[in-house]
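Q: Sending over data-v8.cif (mmCIF, C-alpha atoms).
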```cif
data_my_file
loop_
_atom_site.label_atom_id
_atom_site.label_comp_id
_atom_site.auth_asym_id
_atom_site.auth_seq_id
_atom_site.Cartn_x
_atom_site.Cartn_y
_atom_site.Cartn_z
CA MET J 805 51.62 -76.53 -7.60
CA THR J 806 50.12 -74.70 -4.62
CA VAL J 807 48.22 -71.45 -4.91
CA ALA J 808 50.55 -68.79 -3.52
CA LEU J 809 48.26 -65.81 -3.99
CA GLU J 810 44.53 -65.57 -4.42
CA LEU J 811 42.19 -62.64 -4.94
CA ARG J 812 38.51 -63.42 -4.41
CA GLN J 813 35.89 -60.97 -5.63
CA VAL J 814 38.19 -58.05 -4.88
CA SER J 815 36.75 -54.55 -5.46
CA LYS J 816 38.29 -51.19 -4.73
CA VAL J 817 36.41 -47.90 -4.61
CA TYR J 818 38.13 -44.57 -4.13
CA GLY J 819 36.18 -41.53 -2.89
CA ALA J 820 32.45 -41.43 -2.24
CA GLY J 821 29.26 -40.07 -3.76
CA PRO J 822 29.46 -38.42 -7.18
CA SER J 823 33.28 -38.50 -7.20
CA GLU J 824 33.31 -42.26 -6.50
CA VAL J 825 35.81 -44.18 -8.62
CA HIS J 826 35.57 -47.95 -9.07
CA ALA J 827 39.17 -48.98 -9.68
CA LEU J 828 38.59 -52.75 -9.35
CA ARG J 829 35.37 -54.71 -9.67
CA GLU J 830 35.00 -58.23 -8.33
CA VAL J 831 38.38 -59.44 -9.51
CA ASP J 832 39.23 -63.13 -9.11
CA LEU J 833 42.84 -64.13 -9.63
CA ALA J 834 44.93 -67.08 -8.46
CA VAL J 835 48.69 -67.33 -8.94
CA ARG J 836 50.48 -70.60 -8.28
CA SER J 837 54.00 -71.01 -6.91
CA GLY J 838 56.38 -71.04 -9.84
CA GLU J 839 53.99 -69.11 -12.05
CA LEU J 840 54.59 -65.69 -13.59
CA VAL J 841 51.44 -63.73 -14.43
CA ALA J 842 51.44 -60.48 -16.39
CA ILE J 843 48.63 -57.95 -16.04
CA MET J 844 47.95 -55.85 -19.13
CA GLY J 845 45.42 -53.13 -19.76
CA PRO J 846 45.11 -49.49 -20.80
CA SER J 847 45.81 -46.59 -18.43
CA GLY J 848 43.09 -46.41 -15.80
CA SER J 849 42.14 -50.09 -16.13
CA GLY J 850 43.10 -50.81 -12.52
CA LYS J 851 46.47 -52.57 -13.08
CA SER J 852 48.43 -50.71 -10.42
CA THR J 853 45.57 -50.89 -7.91
CA LEU J 854 45.44 -54.65 -8.42
CA LEU J 855 49.17 -54.90 -7.75
CA THR J 856 49.14 -52.78 -4.58
CA ILE J 857 46.19 -54.74 -3.17
CA ALA J 858 47.68 -58.13 -4.11
CA GLY J 859 50.99 -56.92 -2.65
CA THR J 860 49.26 -56.06 0.66
CA LEU J 861 50.22 -52.38 0.34
CA GLU J 862 46.55 -51.42 0.20
CA GLU J 863 43.33 -53.01 1.43
CA PRO J 864 40.39 -53.87 -0.82
CA SER J 865 36.99 -52.20 -0.29
CA SER J 866 35.44 -55.66 -0.47
CA GLY J 867 36.57 -59.18 -1.26
CA GLU J 868 39.49 -61.16 0.06
CA VAL J 869 43.23 -61.53 -0.53
CA ARG J 870 44.82 -64.81 0.56
CA VAL J 871 48.56 -65.46 0.70
CA ALA J 872 49.52 -69.14 0.87
CA GLY J 873 45.96 -69.94 1.94
CA THR J 874 45.76 -67.38 4.75
CA ALA J 875 43.29 -64.51 4.46
CA LEU J 876 45.08 -61.20 5.06
CA SER J 877 42.04 -59.87 6.89
CA SER J 878 42.58 -62.54 9.56
CA LEU J 879 46.11 -61.26 10.29
CA SER J 880 46.99 -58.53 12.77
CA ARG J 881 48.69 -55.38 11.52
CA ASN J 882 52.02 -56.65 12.83
CA ASP J 883 51.63 -60.05 11.19
CA ARG J 884 50.81 -58.40 7.87
CA ALA J 885 53.90 -56.22 8.17
CA ARG J 886 56.02 -59.29 8.93
CA LEU J 887 54.58 -61.09 5.91
CA ARG J 888 55.48 -58.09 3.75
CA ARG J 889 59.03 -57.98 5.13
CA ARG J 890 59.74 -61.68 4.88
CA SER J 891 57.75 -63.11 2.03
CA ILE J 892 57.12 -60.36 -0.51
CA GLY J 893 59.46 -58.58 -2.90
CA TYR J 894 58.62 -55.47 -4.90
CA VAL J 895 60.18 -54.07 -8.05
CA PHE J 896 59.25 -50.62 -9.29
CA GLN J 897 59.82 -48.76 -12.55
CA ASP J 898 62.19 -46.26 -10.90
CA PHE J 899 64.23 -48.91 -9.02
CA ASN J 900 63.75 -47.28 -5.54
CA LEU J 901 67.31 -48.07 -4.39
CA LEU J 902 68.78 -46.07 -1.50
CA THR J 903 71.53 -43.90 -3.01
CA GLY J 904 73.59 -43.82 0.20
CA LEU J 905 73.98 -47.60 0.29
CA THR J 906 76.05 -49.85 -1.97
CA ALA J 907 74.38 -52.47 -4.17
CA ALA J 908 75.10 -55.25 -1.66
CA GLU J 909 73.82 -53.11 1.24
CA ASN J 910 70.63 -52.32 -0.68
CA VAL J 911 70.03 -56.02 -1.35
CA GLY J 912 70.73 -56.98 2.28
CA LEU J 913 68.57 -54.20 3.73
CA PRO J 914 65.25 -56.10 3.88
CA LEU J 915 67.02 -58.82 5.90
CA GLU J 916 68.60 -56.24 8.23
CA LEU J 917 65.19 -54.65 8.79
CA ASP J 918 63.91 -58.08 9.69
CA GLY J 919 66.52 -58.45 12.42
CA VAL J 920 69.24 -60.41 10.59
CA GLN J 921 72.76 -59.41 11.69
CA VAL J 922 74.27 -56.72 9.46
CA LYS J 923 77.27 -58.85 8.51
CA ILE J 924 75.15 -61.85 7.59
CA ALA J 925 72.59 -59.71 5.71
CA ARG J 926 75.34 -58.18 3.56
CA ARG J 927 76.90 -61.57 2.84
CA ILE J 928 73.54 -62.89 1.65
CA GLY J 929 73.10 -59.66 -0.36
CA LEU J 930 76.46 -60.25 -2.02
CA GLU J 931 75.54 -63.85 -2.83
CA ALA J 932 72.23 -62.74 -4.37
CA LEU J 933 74.11 -60.25 -6.57
CA GLU J 934 76.65 -62.89 -7.60
CA GLU J 935 73.82 -65.18 -8.63
CA LEU J 936 72.55 -62.46 -10.97
CA GLY J 937 76.02 -61.86 -12.43
CA LEU J 938 76.45 -58.57 -10.57
CA GLY J 939 79.10 -59.68 -8.07
CA ASP J 940 81.61 -57.12 -9.40
CA ARG J 941 79.08 -54.32 -8.80
CA ALA J 942 78.39 -55.20 -5.16
CA GLY J 943 80.47 -52.30 -3.77
CA HIS J 944 79.10 -49.71 -6.24
CA TYR J 945 76.56 -47.06 -5.27
CA PRO J 946 73.34 -46.86 -7.36
CA ASP J 947 74.48 -43.63 -9.03
CA ASP J 948 77.49 -45.49 -10.45
CA LEU J 949 75.34 -48.19 -12.04
CA SER J 950 73.51 -48.18 -15.38
CA GLY J 951 69.70 -48.31 -15.45
CA GLY J 952 69.73 -51.99 -16.35
CA GLU J 953 72.16 -52.80 -13.51
CA ARG J 954 70.10 -50.83 -10.99
CA GLN J 955 66.99 -52.77 -11.89
CA ARG J 956 68.87 -56.06 -11.59
CA VAL J 957 70.01 -54.99 -8.11
CA ALA J 958 66.37 -54.16 -7.29
CA ILE J 959 65.36 -57.66 -8.41
CA ALA J 960 68.09 -59.21 -6.26
CA ARG J 961 66.66 -57.23 -3.32
CA ALA J 962 63.14 -58.41 -4.17
CA VAL J 963 64.07 -62.09 -4.13
CA VAL J 964 66.71 -62.08 -1.35
CA GLY J 965 66.17 -64.45 1.57
CA ASP J 966 63.03 -66.52 1.55
CA ARG J 967 60.74 -64.34 -0.53
CA HIS J 968 58.24 -66.32 -2.54
CA LEU J 969 55.96 -63.57 -3.86
CA LEU J 970 57.31 -61.10 -6.37
CA PHE J 971 55.40 -58.01 -7.50
CA ALA J 972 56.68 -55.74 -10.25
CA ASP J 973 55.07 -52.53 -11.54
CA GLU J 974 56.34 -51.64 -15.02
CA PRO J 975 59.81 -52.99 -14.13
CA THR J 976 61.15 -52.35 -17.62
CA GLY J 977 59.47 -48.99 -18.19
CA ALA J 978 62.70 -47.00 -17.86
CA LEU J 979 64.85 -49.43 -19.84
CA ASP J 980 65.60 -50.07 -23.52
CA SER J 981 64.40 -53.35 -25.03
CA VAL J 982 67.63 -55.33 -24.53
CA ASN J 983 67.95 -54.31 -20.84
CA GLY J 984 64.22 -54.81 -20.43
CA GLU J 985 64.61 -58.33 -21.73
CA SER J 986 67.39 -59.20 -19.29
CA VAL J 987 65.24 -57.91 -16.42
CA MET J 988 62.32 -60.08 -17.56
CA ARG J 989 64.67 -63.07 -17.89
CA LEU J 990 65.62 -62.62 -14.23
CA ILE J 991 62.01 -62.33 -13.06
CA HIS J 992 61.12 -65.37 -15.19
CA ALA J 993 64.04 -67.32 -13.68
CA ALA J 994 63.03 -66.34 -10.12
CA CYS J 995 59.58 -67.77 -10.80
CA GLN J 996 61.02 -70.94 -12.31
CA ARG J 997 62.87 -71.42 -9.01
CA GLY J 998 59.48 -71.44 -7.27
CA ALA J 999 58.38 -67.85 -6.61
CA ALA J 1000 54.96 -66.64 -7.69
CA GLY J 1001 55.25 -63.45 -9.73
CA VAL J 1002 52.85 -60.73 -10.82
CA VAL J 1003 54.08 -58.14 -13.32
CA VAL J 1004 52.08 -55.13 -14.42
CA THR J 1005 53.11 -53.85 -17.83
CA HIS J 1006 51.71 -52.14 -20.89
CA ASP J 1007 54.55 -53.61 -22.97
CA ALA J 1008 53.50 -56.78 -24.82
CA GLN J 1009 57.14 -57.86 -25.37
CA MET J 1010 57.67 -57.91 -21.61
CA ALA J 1011 54.26 -59.45 -20.84
CA ALA J 1012 55.13 -62.26 -23.25
CA TRP J 1013 57.67 -63.58 -20.71
CA ALA J 1014 54.76 -64.52 -18.44
CA ASP J 1015 53.18 -67.97 -18.28
CA ARG J 1016 49.77 -66.30 -18.34
CA VAL J 1017 48.65 -62.84 -19.41
CA VAL J 1018 45.55 -61.37 -17.74
CA PHE J 1019 43.76 -58.47 -19.45
CA LEU J 1020 42.11 -55.79 -17.33
CA ARG J 1021 39.63 -53.27 -18.57
CA ASP J 1022 37.66 -50.77 -16.51
CA GLY J 1023 38.54 -52.65 -13.32
CA HIS J 1024 37.35 -56.04 -14.65
CA VAL J 1025 39.35 -59.07 -15.71
CA VAL J 1026 38.06 -59.37 -19.28
CA ASP J 1027 40.27 -62.09 -20.70
CA GLN J 1028 43.43 -64.15 -20.25
CA THR J 1029 45.76 -66.34 -22.26
CA PRO J 1030 45.79 -70.06 -21.48
CA THR J 1031 48.69 -71.53 -19.56
CA PRO J 1032 51.18 -72.99 -22.05
CA SER J 1033 51.76 -76.70 -22.50
CA GLY J 1034 54.99 -78.19 -23.76
CA PRO J 1035 58.03 -76.76 -25.55
CA GLU J 1036 57.92 -74.47 -28.57
CA SER J 1037 59.11 -74.93 -32.12
CA LEU J 1038 59.11 -72.38 -34.89
CA LEU J 1039 58.04 -75.08 -37.31
CA GLU J 1040 54.99 -76.06 -35.32
CA PRO J 1041 51.80 -75.36 -37.29
CA GLY J 1042 50.18 -72.13 -36.22
CA SER J 1043 53.37 -70.51 -35.03
CA ARG J 1044 54.60 -69.84 -38.58
CA ARG J 1045 53.53 -66.87 -40.56
CA MET Q 641 63.14 -64.30 -48.95
CA SER Q 642 65.61 -64.13 -51.81
CA VAL Q 643 67.38 -67.49 -52.08
CA ARG Q 644 69.49 -65.99 -54.84
CA HIS Q 645 70.98 -63.32 -52.60
CA ALA Q 646 71.24 -65.64 -49.59
CA VAL Q 647 73.40 -67.95 -51.75
CA LEU Q 648 75.57 -65.01 -52.82
CA ALA Q 649 75.97 -63.98 -49.15
CA LEU Q 650 77.07 -67.49 -48.15
CA LEU Q 651 79.54 -67.67 -51.05
CA SER Q 652 81.00 -64.29 -50.08
CA GLU Q 653 82.57 -66.09 -47.10
CA GLY Q 654 84.44 -68.51 -49.41
CA PRO Q 655 83.82 -71.27 -51.97
CA LYS Q 656 81.17 -73.87 -51.08
CA TYR Q 657 79.44 -76.96 -52.48
CA GLY Q 658 75.71 -77.02 -53.22
CA LEU Q 659 74.77 -79.35 -50.36
CA GLN Q 660 76.84 -77.31 -47.97
CA LEU Q 661 74.99 -74.15 -49.09
CA ARG Q 662 71.65 -75.69 -48.34
CA GLN Q 663 72.74 -76.86 -44.91
CA GLU Q 664 74.26 -73.50 -43.98
CA PHE Q 665 71.24 -71.57 -45.26
CA GLU Q 666 68.93 -73.57 -43.00
CA THR Q 667 71.23 -73.32 -39.97
CA ARG Q 668 71.68 -69.56 -40.32
CA THR Q 669 67.95 -68.91 -40.59
CA GLY Q 670 67.19 -70.98 -37.50
CA GLU Q 671 65.66 -73.64 -39.79
CA VAL Q 672 62.67 -71.37 -40.28
CA TRP Q 673 62.97 -71.42 -44.05
CA PRO Q 674 63.51 -74.99 -45.24
CA LEU Q 675 65.13 -75.25 -48.65
CA ASN Q 676 65.30 -78.24 -50.98
CA VAL Q 677 68.40 -79.28 -52.87
CA GLY Q 678 66.70 -78.69 -56.22
CA GLN Q 679 66.12 -75.04 -55.35
CA VAL Q 680 69.78 -74.59 -54.45
CA TYR Q 681 71.10 -76.12 -57.69
CA MET Q 682 68.61 -74.24 -59.85
CA THR Q 683 69.62 -71.00 -58.16
CA LEU Q 684 73.31 -71.79 -58.64
CA GLN Q 685 72.74 -72.52 -62.37
CA ARG Q 686 71.01 -69.19 -62.87
CA LEU Q 687 73.65 -67.29 -60.91
CA GLU Q 688 76.35 -68.94 -63.04
CA ARG Q 689 74.46 -68.10 -66.25
CA ASP Q 690 74.33 -64.44 -65.13
CA GLY Q 691 78.06 -64.43 -64.29
CA LEU Q 692 77.52 -63.85 -60.57
CA VAL Q 693 79.10 -67.16 -59.45
CA GLU Q 694 81.38 -69.70 -61.11
CA SER Q 695 82.14 -73.36 -60.54
CA TYR Q 696 85.69 -74.62 -60.74
CA ASN Q 697 87.69 -77.83 -60.46
CA ALA Q 698 88.85 -78.36 -56.92
CA GLU Q 699 91.72 -80.60 -55.81
CA GLY Q 700 90.73 -84.23 -55.27
CA ASP Q 701 88.58 -86.43 -57.41
CA GLY Q 702 85.09 -85.56 -56.13
CA THR Q 703 82.39 -85.41 -58.76
CA GLN Q 704 80.84 -82.29 -57.22
CA LYS Q 705 82.29 -78.92 -58.12
CA PRO Q 706 82.45 -76.10 -55.61
CA PHE Q 707 81.17 -72.62 -56.44
CA ARG Q 708 82.68 -69.24 -55.77
CA ILE Q 709 81.35 -65.70 -56.06
CA THR Q 710 82.61 -63.47 -58.94
CA PRO Q 711 83.42 -59.74 -58.60
CA THR Q 712 80.12 -59.01 -60.43
CA GLY Q 713 78.33 -61.21 -57.88
CA GLY Q 714 80.00 -59.31 -55.04
CA GLY Q 715 78.77 -56.04 -56.54
CA GLU Q 716 75.24 -57.40 -56.90
CA LEU Q 717 75.25 -58.61 -53.27
CA GLY Q 718 76.43 -55.22 -51.95
CA GLU Q 719 73.73 -53.47 -53.98
CA TRP Q 720 71.00 -55.81 -52.68
CA LEU Q 721 71.99 -55.43 -49.01
CA ARG Q 722 71.51 -51.66 -49.24
CA THR Q 723 68.31 -51.63 -51.32
CA PRO Q 724 65.27 -50.94 -49.10
CA PRO Q 725 62.52 -53.58 -49.35
CA ASP Q 726 59.34 -52.49 -51.11
CA THR Q 727 57.37 -50.37 -48.65
CA ALA Q 728 55.75 -48.09 -51.20
CA SER Q 729 52.11 -49.10 -50.78
CA PRO Q 730 50.44 -50.17 -47.51
CA PRO Q 731 49.84 -53.93 -47.57
CA ARG Q 732 46.25 -55.22 -47.34
CA ASP Q 733 46.23 -56.21 -43.73
CA GLU Q 734 43.52 -58.70 -42.81
CA LEU Q 735 43.49 -57.53 -39.19
CA VAL Q 736 42.83 -53.93 -40.19
CA ILE Q 737 40.04 -55.01 -42.53
CA LYS Q 738 38.40 -57.12 -39.80
CA VAL Q 739 38.41 -54.29 -37.28
CA LEU Q 740 37.09 -51.84 -39.87
CA ALA Q 741 34.29 -54.29 -40.69
CA ALA Q 742 33.51 -54.94 -37.01
CA VAL Q 743 32.76 -51.25 -36.49
CA ARG Q 744 29.94 -51.54 -39.07
CA VAL Q 745 28.44 -54.96 -38.40
CA PRO Q 746 25.27 -54.79 -36.24
CA GLY Q 747 25.32 -56.95 -33.14
CA VAL Q 748 29.10 -57.06 -32.99
CA ASP Q 749 31.04 -55.26 -30.26
CA VAL Q 750 34.21 -54.01 -31.92
CA HIS Q 751 35.98 -54.00 -28.52
CA ASP Q 752 35.37 -57.73 -28.18
CA VAL Q 753 36.72 -58.30 -31.68
CA ILE Q 754 39.80 -56.23 -30.83
CA GLN Q 755 40.36 -58.20 -27.61
CA VAL Q 756 40.11 -61.56 -29.40
CA HIS Q 757 42.87 -60.48 -31.78
CA ARG Q 758 44.92 -58.89 -29.00
CA ARG Q 759 44.84 -62.10 -26.96
CA HIS Q 760 45.73 -64.18 -29.98
CA ARG Q 761 48.74 -61.98 -30.76
CA VAL Q 762 49.93 -61.92 -27.15
CA GLU Q 763 49.71 -65.74 -27.11
CA LEU Q 764 51.82 -65.84 -30.26
CA MET Q 765 54.36 -63.52 -28.62
CA GLN Q 766 54.45 -65.79 -25.55
CA ARG Q 767 55.29 -68.73 -27.80
CA TYR Q 768 58.11 -66.89 -29.55
CA THR Q 769 59.40 -65.64 -26.19
CA ARG Q 770 59.49 -69.18 -24.79
CA LEU Q 771 61.45 -70.18 -27.86
CA LYS Q 772 63.84 -67.26 -27.26
CA ALA Q 773 64.21 -68.22 -23.59
CA ALA Q 774 65.24 -71.73 -24.67
CA THR Q 775 67.61 -70.53 -27.44
CA PRO Q 776 71.32 -70.90 -26.64
CA GLU Q 777 73.01 -67.49 -26.41
CA HIS Q 778 75.38 -68.17 -29.32
CA ASP Q 779 72.49 -68.74 -31.75
CA VAL Q 780 72.34 -65.10 -32.82
CA GLY Q 781 70.60 -65.95 -36.11
CA LEU Q 782 67.59 -67.48 -34.42
CA ALA Q 783 67.45 -64.68 -31.80
CA LEU Q 784 67.37 -62.09 -34.61
CA ILE Q 785 64.55 -63.90 -36.42
CA VAL Q 786 62.53 -64.30 -33.22
CA ASP Q 787 63.06 -60.61 -32.36
CA ALA Q 788 61.85 -59.60 -35.83
CA GLU Q 789 58.67 -61.66 -35.37
CA LEU Q 790 58.11 -60.26 -31.87
CA PHE Q 791 58.44 -56.66 -33.05
CA ARG Q 792 56.11 -57.35 -35.99
CA ILE Q 793 53.43 -58.85 -33.74
CA GLU Q 794 53.92 -56.13 -31.15
CA ALA Q 795 53.28 -53.48 -33.80
CA ALA Q 796 49.89 -55.08 -34.50
CA ILE Q 797 49.05 -55.11 -30.77
CA ARG Q 798 49.98 -51.45 -30.45
CA TRP Q 799 47.76 -50.68 -33.41
CA LEU Q 800 44.88 -52.59 -31.72
CA ASP Q 801 45.44 -50.58 -28.51
CA ALA Q 802 45.42 -47.32 -30.46
CA ALA Q 803 42.36 -48.39 -32.47
CA GLU Q 804 40.48 -49.19 -29.28
CA ALA Q 805 41.33 -45.83 -27.69
CA ARG Q 806 40.39 -43.99 -30.89
CA LEU Q 807 37.05 -45.81 -31.20
CA GLN Q 808 36.24 -45.08 -27.58
CA GLN Q 809 36.99 -41.39 -28.10
CA PHE Q 810 34.93 -41.38 -31.27
CA SER Q 811 31.91 -43.13 -29.73
CA VAL Q 812 31.70 -40.41 -27.06
CA ALA Q 813 31.36 -37.77 -29.75
CA THR Q 814 29.09 -39.73 -32.14
CA PRO Q 815 25.49 -40.83 -31.46
CA VAL Q 816 24.87 -44.54 -32.01
CA ARG Q 817 23.00 -45.50 -35.17
CA ALA Q 818 19.52 -46.96 -34.81
CA GLY Q 819 19.50 -50.77 -34.96
CA SER Q 820 23.16 -50.99 -34.06
CA ALA Q 821 24.17 -53.08 -31.08
CA VAL Q 822 27.58 -51.49 -30.78
CA SER Q 823 26.44 -49.84 -27.56
CA SER Q 824 25.09 -53.04 -25.98
CA ARG Q 825 27.90 -53.03 -23.41
CA PRO Q 826 27.34 -50.49 -20.62
CA ARG Q 827 29.80 -47.63 -20.73
CA ARG Q 828 32.05 -47.45 -17.74
CA ASP Q 829 34.92 -45.33 -18.90
CA ARG Q 830 34.09 -42.34 -16.74
CA GLU Q 831 33.82 -44.37 -13.57
CA VAL Q 832 37.40 -45.56 -13.42
CA GLY Q 833 40.20 -43.18 -12.70
CA ARG Q 834 43.20 -45.35 -11.97
#
```
Would you mind giving the structure from this file in structure tokens?
A:
Amino acid sequence: MTVALELRQVSKVYGAGPSEVHALREVDLAVRSGELVAIMGPSGSGKSTLLTIAGTLEEPSSGEVRVAGTALSSLSRNDRARLRRRSIGYVFQDFNLLTGLTAAENVGLPLELDGVQVKIARRIGLEALEELGLGDRAGHYPDDLSGGERQRVAIARAVVGDRHLLFADEPTGALDSVNGESVMRLIHAACQRGAAGVVVTHDAQMAAWADRVVFLRDGHVVDQTPTPSGPESLLEPGSRR
Amino acid sequence: MSVRHAVLALLSEGPKYGLQLRQEFETRTGEVWPLNVGQVYMTLQRLERDGLVESYNAEGDGTQKPFRITPTGGGELGEWLRTPPDTASPPRDELVIKVLAAVRVPGVDVHDVIQVHRRHRVELMQRYTRLKAATPEHDVGLALIVDAELFRIEAAIRWLDAAEARLQQFSVATPVRAGSAVSSRPRRDREVGR
């Protein structure tokens, strides 16, 4: 599998002098296509900063971010913006859907912004919703949807078109455990279809859907779980209590 | 796990043979608790002795007799389902003991010990979650068992998180003992704000 996203020695410092805050310190992280990585750590450990830098929403103070082998620093502002529009999907805790647009219009919006014809964008939006079992909600406005449905619409928007990088910041934070699980199932499935995913969460149940869990502490990567090998069985030694 | 009450629960659905009971017990518990035939027949004998089940002659000429639950057995089952499990005294939890000990042992960083256990538990949760992801939707029994394990492990992780935060708070207020290496790792907690 190819490396879809790579952080090399990434540091981020906010402020200067005595009020200087080191949010990230020399972080190395590589995520392969088809891999879902969860980032865990206490408040203030740098999780959200890592996600915004990896997601190209913010620039590191030092170090390098590479997407599909290309260093972001080598791209022009316009090229970076195009990369964000075409290749990257974001999911946030509070859904961030536009209330004046229907579910299908919300999902098709990134394509429209990228110059795809309105009619075609909405058809692709509808198809993405149907794939996630939300076809019957396509014409509904966000306010008419439950929290779980809104987040599923947000995931459809994040993976619509040709997006192969998926970033999610506490995507299940506003949901109960059953709805949270169905959201993680969708993110997991999107990665199994080939996307590279990074999910920031403080919730171990949600992090457990990831292929690999990376632990952050005080801006450092302190530990991670190994990538799994082979199928699971409850009767396998070590997995029983 | 009470085999006795599991057998009563299975018989409350209708009469069953011993072998059938064993098979259904294992299927319903996602094959997590294997049961041997001897255990089933011994349990049935005791239940019959206590008047909670009875065997009877079924139609046909099979040598095996089916069992059915008696009204007394039904009462016992209903009572058991509503009796809370024993939660009176806190169990001796090895994880808690290890973390408590790590605080005291010179040369050991309790935060490293906590992280080792946290990673181990998260790995365990990943394994159960992969099993859940591969479980067919209709297998509610297995999903319930896996959920119970996940919540149990998660509780331990949340305790580790809380323990770490509490120890960090405490170490700010308490001077480090001479000869202790607990403070060998440089403190950084004031440098990071987000």
Q: Around the point (37.8, -53.3, -1.5) (coordinates from the file), which residues reach within 10 Å if we count all atoms listed in the file? Answer as a ChimeraX atom specification.
A: /J:813-818,826-830,857,862-869
Q: Taking the file above as input, evaluate the PyMOL selection byres ((chain Q and resi 709-718) around 9) and report the hits as a PDB file with C-alpha atoms, in the frame of the given file.
A:
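This went into selection_20.pdb:
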```
ATOM      1  CA  HIS Q 645      70.980 -63.320 -52.600  1.00  0.00           C
ATOM      2  CA  ALA Q 646      71.240 -65.640 -49.590  1.00  0.00           C
ATOM      3  CA  LEU Q 648      75.570 -65.010 -52.820  1.00  0.00           C
ATOM      4  CA  ALA Q 649      75.970 -63.980 -49.150  1.00  0.00           C
ATOM      5  CA  LEU Q 651      79.540 -67.670 -51.050  1.00  0.00           C
ATOM      6  CA  SER Q 652      81.000 -64.290 -50.080  1.00  0.00           C
ATOM      7  CA  GLY Q 654      84.440 -68.510 -49.410  1.00  0.00           C
ATOM      8  CA  PRO Q 655      83.820 -71.270 -51.970  1.00  0.00           C
ATOM      9  CA  LEU Q 687      73.650 -67.290 -60.910  1.00  0.00           C
ATOM     10  CA  ASP Q 690      74.330 -64.440 -65.130  1.00  0.00           C
ATOM     11  CA  GLY Q 691      78.060 -64.430 -64.290  1.00  0.00           C
ATOM     12  CA  LEU Q 692      77.520 -63.850 -60.570  1.00  0.00           C
ATOM     13  CA  VAL Q 693      79.100 -67.160 -59.450  1.00  0.00           C
ATOM     14  CA  GLU Q 694      81.380 -69.700 -61.110  1.00  0.00           C
ATOM     15  CA  SER Q 695      82.140 -73.360 -60.540  1.00  0.00           C
ATOM     16  CA  PHE Q 707      81.170 -72.620 -56.440  1.00  0.00           C
ATOM     17  CA  ARG Q 708      82.680 -69.240 -55.770  1.00  0.00           C
ATOM     18  CA  GLU Q 719      73.730 -53.470 -53.980  1.00  0.00           C
ATOM     19  CA  TRP Q 720      71.000 -55.810 -52.680  1.00  0.00           C
ATOM     20  CA  LEU Q 721      71.990 -55.430 -49.010  1.00  0.00           C
ATOM     21  CA  ARG Q 722      71.510 -51.660 -49.240  1.00  0.00           C
ATOM     22  CA  THR Q 723      68.310 -51.630 -51.320  1.00  0.00           C
TER      23      THR Q 723
END
```
Q: Assuming the chain letters and numbering stay as they are in my file, what does the PyMOL selection byres ((chain J) within 6 of (chain Q)) actually select? List them as a ChimeraX atom specification.
A: /J:825-827,848,850,1012,1036
Q: List as a PDB file with C-alpha atoms, keeping the file's coordinate frame the protein and nucleic acid residues near segment 657-665 of chain Q, meaning an atom at most 7 Å away when only C-alpha atoms are counted, but skip any in the same chain fewer than 4 places from it.
A:
```pdb
ATOM      1  CA  VAL Q 647      73.400 -67.950 -51.750  1.00  0.00           C
ATOM      2  CA  THR Q 669      67.950 -68.910 -40.590  1.00  0.00           C
ATOM      3  CA  LEU Q 675      65.130 -75.250 -48.650  1.00  0.00           C
ATOM      4  CA  VAL Q 677      68.400 -79.280 -52.870  1.00  0.00           C
ATOM      5  CA  VAL Q 680      69.780 -74.590 -54.450  1.00  0.00           C
ATOM      6  CA  TYR Q 681      71.100 -76.120 -57.690  1.00  0.00           C
ATOM      7  CA  LYS Q 705      82.290 -78.920 -58.120  1.00  0.00           C
ATOM      8  CA  PRO Q 706      82.450 -76.100 -55.610  1.00  0.00           C
ATOM      9  CA  PHE Q 707      81.170 -72.620 -56.440  1.00  0.00           C
TER      10      PHE Q 707
END
```
Q: Give me, as JSON lines, the closest atom pair and its distance (Å, one decimal) for every residue of segment 922-951 of chain J within a cut-off of 8 Å of segment 908-916 of chain J, counting all atoms listed in the file, rows sorted by chain and rising number.
A:
```
{"residue": "J:Val922", "atom": "CA", "partner": "J:Glu916", "partner_atom": "CA", "distance": 5.8}
{"residue": "J:Ala925", "atom": "CA", "partner": "J:Gly912", "partner_atom": "CA", "distance": 4.8}
{"residue": "J:Arg926", "atom": "CA", "partner": "J:Gly912", "partner_atom": "CA", "distance": 4.9}
{"residue": "J:Arg927", "atom": "CA", "partner": "J:Gly912", "partner_atom": "CA", "distance": 7.7}
{"residue": "J:Ile928", "atom": "CA", "partner": "J:Gly912", "partner_atom": "CA", "distance": 6.6}
{"residue": "J:Gly929", "atom": "CA", "partner": "J:Gly912", "partner_atom": "CA", "distance": 4.4}
{"residue": "J:Leu930", "atom": "CA", "partner": "J:Ala908", "partner_atom": "CA", "distance": 5.2}
{"residue": "J:Ala932", "atom": "CA", "partner": "J:Val911", "partner_atom": "CA", "distance": 7.7}
{"residue": "J:Leu933", "atom": "CA", "partner": "J:Ala908", "partner_atom": "CA", "distance": 7.1}
{"residue": "J:Ala942", "atom": "CA", "partner": "J:Ala908", "partner_atom": "CA", "distance": 4.8}
{"residue": "J:Gly943", "atom": "CA", "partner": "J:Ala908", "partner_atom": "CA", "distance": 6.5}
```
Q: So the first atom is atom CA of Gly873 of chain J and the second is atom CA of Glu974 of chain J; what is the distance between them in Å, to one decimal place?
A: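 Between atom CA of Gly873 of chain J and atom CA of Glu974 of chain J the gap works out to 27.0 Å.
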Q: Between atom CA of Asp1027 of chain J and atom CA of Ala1008 of chain J, what distance in Å does the model show, to one decimal?
A: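 Taking atom CA of Asp1027 of chain J and atom CA of Ala1008 of chain J, their separation equals 14.8 Å.
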